[in-house]
Amino acid sequence: MEENIELCYFRLEKDKYINVHDAKEKIVGKDFNFSSKYKIKYINKNLEIEENKNYIPNFYNINTNNISNITAVIGKNGSGKTTLLDMITKILCVGPFREYNFIIAFIKNNEIYVYAKEGLINKKIEHDFKLITFENQNIKESICKDITKNTSVVFFSNIVNLRNKQINSSIMKNNFFNISIEEDINKTYIEPEIELNRKYVNQKFVDQRFVDNRVNREIKNKMTERNIKFLLQNNSILKVENISLYFKCYQKLGVFTSSLDKLRYYRKNNPVKKSGNYIDKLNYSVTKKEKEIYEEIEREILDSHSNKRRTVLYIAYFILIDKFFEELYNKINNNDIINLINNEIKKKVKRSRAIEMIYQVIAVIKNIEIDKIKTIYQRSIDSEDSITDIVNEFKKFLQEICKKYERTLNNLRVIIDNHQIMVDTFRPYGKGKIQSRKVLHQIMPIISVPNEEIKTLYKILNSDNNFIEMFNLEFKGLSSGQQALLNMYSSFYDVLDKIEDKKNVLVLMDEPELYFHPEWQRKYIYFIVEFFNTYYKNKNVQIIFTSNSPYVLSDLNNSSVIMMEKEEENKTFAGNIMNLLIDNYFMEDTIGKFAEEKIKGIVNRVKNKEVNSDDFKIIDQIGEDVIRKNIEEMIKRYDKNTTTKK
């Protein structure tokens with residue numbers, strides 16, 4: 001039988017490695033209790049364990065009883081909240097951190113297991129817990145791996161801090177999964193220059209014409225796929241009206257400018273510098289035959305203008321063939337091979353309808369003879385074995401790129417020819433006659449996928465990365481807060497496949513309610529309980545999160561809140577949110593700092609008998625009755641004193 005494991009306690013003690021400049025100094029010498037069952041204190045080299053008499057089993061559940069506990073870590077910025085999560089993650093997933101003196105405890109079958117650095121807990125004392133001690137170790141594995149072997153740790157944060165790379169995907173083998181936006185950035189970012197300057201055939205292609213920031217593009221694509229995957233399971237929590245697709249080489253509506261100059265056909269080509277057989281500046285010019293294909297597509301766009309669906313389809317073909325040639329030439333990066341391809345296309349591609357010409361181009365490239373490629377490489381490479389390897393790699397690349405673009409051509413037709421999907425064109429510059437050379441500059445295509453066709457779109461996105469690279473996708477009907485909630489839901493839903501063999505899930509979240517409206521922050525605990533009850537119902541889930549929001553506290557029982565800067569326990573559950581703000585968030589005042597300074601100025605002028613007409617206007621606008629009445633009384637009192645003196 002699989003056992004439920006719950007993290008219940010952590011403490012870090014001072015040692016020679018931690019100084020006043022170390023962020024860990026903030027959490028040294030503090031007892032952190034993560035379970036509502038017990039309150040544990042470290043006293044005189046022993047742990048004193050007190051049962052919580054008010055403990056309510058399965059308190060944080062609505063539909064099922066799979067959430068063991070939810071704990072909020074509250075404190076000012078810089079108080080050590082994130083450092084605490086980072087330390088716990090490292091200890092559970094990375095290694096023993098032999099230089100640190102720490103104690104960490106778990107509940108398993110109602111028994112407490114304590115892991116402690118040698119010397120921190122007195123072994124001579126009889127304990128009411130099972131003690132496992134460790135000394136300095138050189139191996140990179142967790143000291144508590146035996147108890148956490150059936151536990152996955154999932155970390156989520158909306159915060160992006162590129163300097164913090166302590167929690168990363170390299171420790172996934174130890175059951176850690178970072179589903180933060182920051183982790184997507186760290187995993188996705190690769191210097192484009194490194195990719196695009198290999199001598200032969202590049203493994204990856206970066207088409208920077210479609211968007212300036214590749215990192216943003218990749219992350220948005222990945223998040224879009226996750227979001228759609230989740231919406232297919234449940235579109236009732238967040239009502240999405242439709243998903244709109246915009247070609248990435250266009251600007252958004254309202255800022256329709258010259259972004260199409262990024263396309264090969266429209267941009268101004270700089271002279272290509274050559275170094276031997278290789279291209280220094282990867283900006284290979286449009287060939288005569290290629291231009292012929294573009295012009296044929298433009299004619300078909302003009303001829304189909306009365307049929308918006310045909311117009312959008314041909315615009316998609318135009319962009320795709322442009323993308324095809326750009327990727328082809330940039331990956332090859334060899335003038336002689338490019339000239340060979342151009343000659344083959346020129347000889348074998350006949351003038352016909354644009355779509356037929358595109359398929360002819362693909363067929364020609366797919367069937368280029370190996371001997372012709374060998375002849376080119378024999379000029380510069382002596383070893384026959386090396387030539388064979390390069391030619392095999394090259395041939396494989398040609399097959400793959402042709403297959404890739406054939407698939408995308410078919411998928412474009414599936415989407416655009418589907419009459420359930422709305423297809424439209426926007427004319428930003430009026431209804432005048434369209435000029436063929438600037439046809440894409442004058443027509444902006446729009447594709448809107450309704451809810452009932454989201455499954456079709458997801459199947460394509462899931463099987464064709466090239467398709468999603470052509471589009472920006474927007475979820476219509478969602479606010480920025482709803483989008484943030486969808487991003488969080490979809491990230492946790494997506495990671496389920498990777499942790500399916502683990503019974504226990506420890507969820508660590510760093511300020512997850514960030515970007516939410518106060519009303520949504522007030523509902524946040526309900527949101528996460530509902531989600532984990534629904535989708536993680538076969539798991540034992542424990543949630544620990546940091547927060548700067550007073551709105552979440554009202555849903556947490558008293559023992560589930562850790563205050564970083566004070567010891568006493570406050571009554572939080574169903575508490576007044578404004579009182580919680582003052583009591584638990586260390587606020588010096590309940591009004592804004594700017595308003596506070598304005599009022600201080602008025603008070604000083606009252607004392608100095610310098611109150612002016614503008615001050616009375618400000619006093620009249622003060623929303624807090626007590627403050628306003630106190631100032632009015634103060635003015636009367638000072639006026640009375642002035643009169644008496646006279």
# chains A, B, ... in the order shown; residues from 1 in each chain; ligands from 1
call {"tool": "residues_around", "arguments": {"residues": "A:Asn33", "least_positions_apart": "3", "cutoff": "9 Å", "atoms": "only C-alpha atoms", "output": "list in words"}}
result
Leu7, Cys8, Tyr9, Phe10, Ser36, Tyr38, Lys39, Ile40, Lys41, Thr71, Ser559, Ser560, Val561 and Ile562 of chain A
call {"tool": "select_by_dssp", "arguments": {"residues": "stretch 336-435 of chain A", "states": "alpha helix (DSSP H)", "output": "JSON, numbers by chain"}}
result
{"A": [336, 337, 338, 339, 340, 341, 342, 343, 344, 345, 346, 347, 348, 354, 355, 356, 357, 358, 359, 360, 361, 362, 363, 364, 365, 366, 370, 371, 372, 373, 374, 375, 376, 377, 378, 384, 385, 386, 387, 388, 389, 390, 391, 392, 393, 394, 395, 396, 397, 398, 399, 400, 401, 402, 403, 404, 405, 406, 407, 408, 409, 410, 411, 412, 413, 414, 415, 416]}
call {"tool": "atom_distance", "arguments": {"atom1": "atom CA of A:Val361", "atom2": "atom CA of A:Thr311"}}
result
21.8 Å
call {"tool": "residues_around", "arguments": {"residues": "stretch 76-85 of chain A", "least_positions_apart": "4", "cutoff": "7 Å", "atoms": "only C-alpha atoms", "output": "number ranges by chain"}}
result
A: 23-24, 26-27, 89, 508, 510, 546, 564
call {"tool": "closest_residue", "arguments": {"among": "A:Asn150, A:Thr224, A:Asn342, A:Asn52", "to": "A:Lys291", "atoms": "only C-alpha atoms"}}
result
A:Asn342
call {"tool": "closest_residue", "arguments": {"among": "A:Arg11, A:Lys90, A:Lys308, A:Lys229", "to": "A:Asp494", "atoms": "only C-alpha atoms"}}
result
A:Lys229
call {"tool": "atom_distance", "arguments": {"atom1": "atom CA of A:Leu263", "atom2": "atom CA of A:Met357"}}
result
19.1 Å
